[in-house]
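Enquirer: Pasting in a structure now, in structure tokens, and then I'll have a few things to ask.
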Amino acid sequence: MAYWLLKSEPFKYSWDQLVKDKRTHWDGVRNYAARNNLRAMKKGDLAFFYHSNEGVEIVGIVKICKEHYQDPTTAETAWVVVDVSPVKKLKRTIPLSEIKAEKKLQNMALLKQSRLSVQPVTAEEWEIILQLADQ
């Protein structure tokens, strides 16, 4: 299993909206590195749901429930989506400031490639964040 981080601006698509919808496709990715990460996702992989711009924090965990396919929001065949469903909201959200302060997370893609909307997370980073969130 692999781990990921998916960014969404809460005014566009929030954790609460995902919970209400129960499942959605992760669309609108127009960056080749982020697209390649979507292509690498496998059914059953887990991802952190990160609110960007507002909140700026990890709020929950989602599961990849369908592997990549053509993005239905564009006719351009270069772009793909995956389907995700909520697993659980974190007991305690983890703000970016706390991630930056944690020495063991200094190489996390969130800090190194901050503009990338779909990022890999290592197993060690995943466990550290879960510990921070009291999971």
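Letters A, B, ... go to the chains of the structure tokens in the order shown; residues in each chain start at 1; ligands are counted from 1 in the same order.
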Using only C-alpha atoms, which residues sit within 12 Å of Glu76 in chain A once same-chain residues fewer than 5 positions away are excluded, as a PyMOL selection string?
Expert: chain A and resi 28-30+70-71
Enquirer: Since we have the selection now, will you write its residues out, keeping N, CA and C atoms, as a PDB file, in the first residue's frame?
Expert:
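Wrote out.pdb, looks like this:
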ATOM      1  N   GLY A  28      -9.527  18.022 -11.918  1.00  0.00           N
ATOM      2  CA  GLY A  28      -8.958  19.349 -12.049  1.00  0.00           C
ATOM      3  C   GLY A  28      -7.449  19.432 -11.941  1.00  0.00           C
ATOM      4  N   VAL A  29      -6.775  18.313 -11.841  1.00  0.00           N
ATOM      5  CA  VAL A  29      -5.314  18.320 -11.729  1.00  0.00           C
ATOM      6  C   VAL A  29      -4.726  18.657 -13.103  1.00  0.00           C
ATOM      7  N   ARG A  30      -3.924  19.727 -13.137  1.00  0.00           N
ATOM      8  CA  ARG A  30      -3.328  20.166 -14.397  1.00  0.00           C
ATOM      9  C   ARG A  30      -1.830  20.397 -14.243  1.00  0.00           C
ATOM     10  N   GLN A  70      -9.819   8.688 -17.396  1.00  0.00           N
ATOM     11  CA  GLN A  70      -9.918   9.989 -18.053  1.00  0.00           C
ATOM     12  C   GLN A  70     -10.681  10.993 -17.182  1.00  0.00           C
ATOM     13  N   ASP A  71     -10.118  12.186 -17.017  1.00  0.00           N
ATOM     14  CA  ASP A  71     -10.780  13.266 -16.277  1.00  0.00           C
ATOM     15  C   ASP A  71     -12.025  13.697 -17.051  1.00  0.00           C
TER      16      ASP A  71
END
Enquirer: I'd like the neighbourhood of Asp83 in chain A as a list of chain:residue names, where a residue qualifies if any of its atoms comes within 7 Å (using only C-alpha atoms), though same-chain residues fewer than 3 positions away should be ignored.
Expert: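 So, after excluding close chain neighbours, the residues are A:Arg23, A:Thr24, A:His25, A:Trp26, A:Ile64, A:Cys65, A:Lys66, A:Glu67.
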Enquirer: What parts of range 12-91 of chain A does DSSP call strand (DSSP E)? I'd like the answer as number ranges by chain.
Expert: A: 24-25, 46-51, 57-70, 80-91
Enquirer: Write a file of the just-selected residues containing C-alpha atoms, as a JSON list (two decimals), in the first residue's frame.
Expert:
[["chain", "number", "residue", "atom", "x", "y", "z"],
["A", 24, "THR", "CA", -16.01, 11.64, -5.55],
["A", 25, "HIS", "CA", -13.53, 11.75, -8.37],
["A", 46, "LEU", "CA", -4.74, 5.86, 1.59],
["A", 47, "ALA", "CA", -4.34, 9.61, 1.39],
["A", 48, "PHE", "CA", -4.47, 12.53, 3.76],
["A", 49, "PHE", "CA", -7.10, 15.15, 2.87],
["A", 50, "TYR", "CA", -5.45, 18.55, 3.22],
["A", 51, "HIS", "CA", -7.27, 21.88, 3.27],
["A", 57, "GLU", "CA", -4.16, 21.57, 7.70],
["A", 58, "ILE", "CA", -4.59, 17.84, 7.31],
["A", 59, "VAL", "CA", -8.18, 17.10, 8.28],
["A", 60, "GLY", "CA", -8.90, 13.50, 7.34],
["A", 61, "ILE", "CA", -8.02, 10.25, 5.59],
["A", 62, "VAL", "CA", -9.45, 9.04, 2.29],
["A", 63, "LYS", "CA", -9.19, 5.75, 0.44],
["A", 64, "ILE", "CA", -8.52, 5.39, -3.26],
["A", 65, "CYS", "CA", -11.53, 3.38, -4.43],
["A", 66, "LYS", "CA", -10.99, 3.52, -8.20],
["A", 67, "GLU", "CA", -7.70, 3.80, -10.05],
["A", 68, "HIS", "CA", -7.03, 6.50, -12.65],
["A", 69, "TYR", "CA", -9.25, 7.11, -15.64],
["A", 70, "GLN", "CA", -9.92, 9.99, -18.05],
["A", 80, "VAL", "CA", -6.81, 11.71, -15.23],
["A", 81, "VAL", "CA", -8.78, 11.36, -12.00],
["A", 82, "VAL", "CA", -9.09, 8.77, -9.26],
["A", 83, "ASP", "CA", -12.13, 8.11, -7.09],
["A", 84, "VAL", "CA", -11.83, 8.63, -3.35],
["A", 85, "SER", "CA", -14.08, 8.00, -0.36],
["A", 86, "PRO", "CA", -13.71, 9.24, 3.22],
["A", 87, "VAL", "CA", -12.24, 6.86, 5.78],
["A", 88, "LYS", "CA", -12.25, 9.08, 8.86],
["A", 89, "LYS", "CA", -11.75, 12.58, 10.11],
["A", 90, "LEU", "CA", -8.64, 13.02, 12.23],
["A", 91, "LYS", "CA", -9.28, 13.36, 15.96]]
Enquirer: For CA of Glu54 in chain A and CA of Tyr13 in chain A, quote the distance in Å rounded to one decimal.
Expert: 11.5 Å
Enquirer: Enumerate, as a PyMOL selection string, the complete set of residues in range 35-127 of chain A that a backbone-based DSSP assignment places in alpha helix (DSSP H).
Expert: chain A and resi 35-40+96-101+109-112+123-127
Enquirer: Using only C-alpha atoms, which protein or nucleic acid residues come within 12 Å of Gly55 in chain A? Drop anything in the same chain fewer than 5 positions from it, and give the result as a VMD selection string.
Expert: chain A and resid 7 to 11 14 to 15 49 to 50 93 to 97
Enquirer: Out of A:Lys22, A:Leu130, A:Gln119, A:Ala78, which residue has the shortest atom-to-atom distance to Ile99 in chain A when counting only C-alpha atoms?
Expert: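 Looking at the shortest contact to Ile99 in chain A, the residue is A:Leu130.
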Enquirer: Figure out the distance between CA of Leu5 in chain A and CA of Lys112 in chain A, please, to one decimal in Å.
Expert: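 Computing it gives 13.2 Å between the two atoms.
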Enquirer: Pick the closest to Lys42 in chain A from A:Met1, A:Pro72, A:Lys20, A:Asp27: which is it, counting only C-alpha atoms?
Expert: A:Met1
Enquirer: With distances taken over only C-alpha atoms, which residue among A:Gly44, A:Ala2, A:Leu132, A:Ala123 lies nearest Arg92 in chain A?
Expert: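 Using only C-alpha atoms, Arg92 in chain A sits closest to A:Leu132.
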Enquirer: Applying 10 Å and only C-alpha atoms, which residues near Tyr32 in chain A remain after dropping the ones on its own chain fewer than 6 positions away? List them as a list of chain:residue names.
Expert: A:Leu38, A:Ala78, A:Trp79, A:Leu116
Enquirer: Next, the residues of the selection above should be written as a short mmCIF file (atom, residue, chain, number, x, y, z; two decimals), in the first residue's frame with C-alpha atoms.
Expert:
data_model
loop_
_atom_site.label_atom_id
_atom_site.label_comp_id
_atom_site.auth_asym_id
_atom_site.auth_seq_id
_atom_site.Cartn_x
_atom_site.Cartn_y
_atom_site.Cartn_z
CA LEU A 38 -2.64 10.07 -9.63
CA ALA A 78 -3.45 13.79 -20.75
CA TRP A 79 -5.46 14.36 -17.57
CA LEU A 116 2.00 20.19 -5.76
#
Enquirer: What's the separation between CA of Leu105 in chain A and CA of Trp126 in chain A, in Å to one decimal place?
Expert: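 Here the two named atoms are 9.7 Å from each other.
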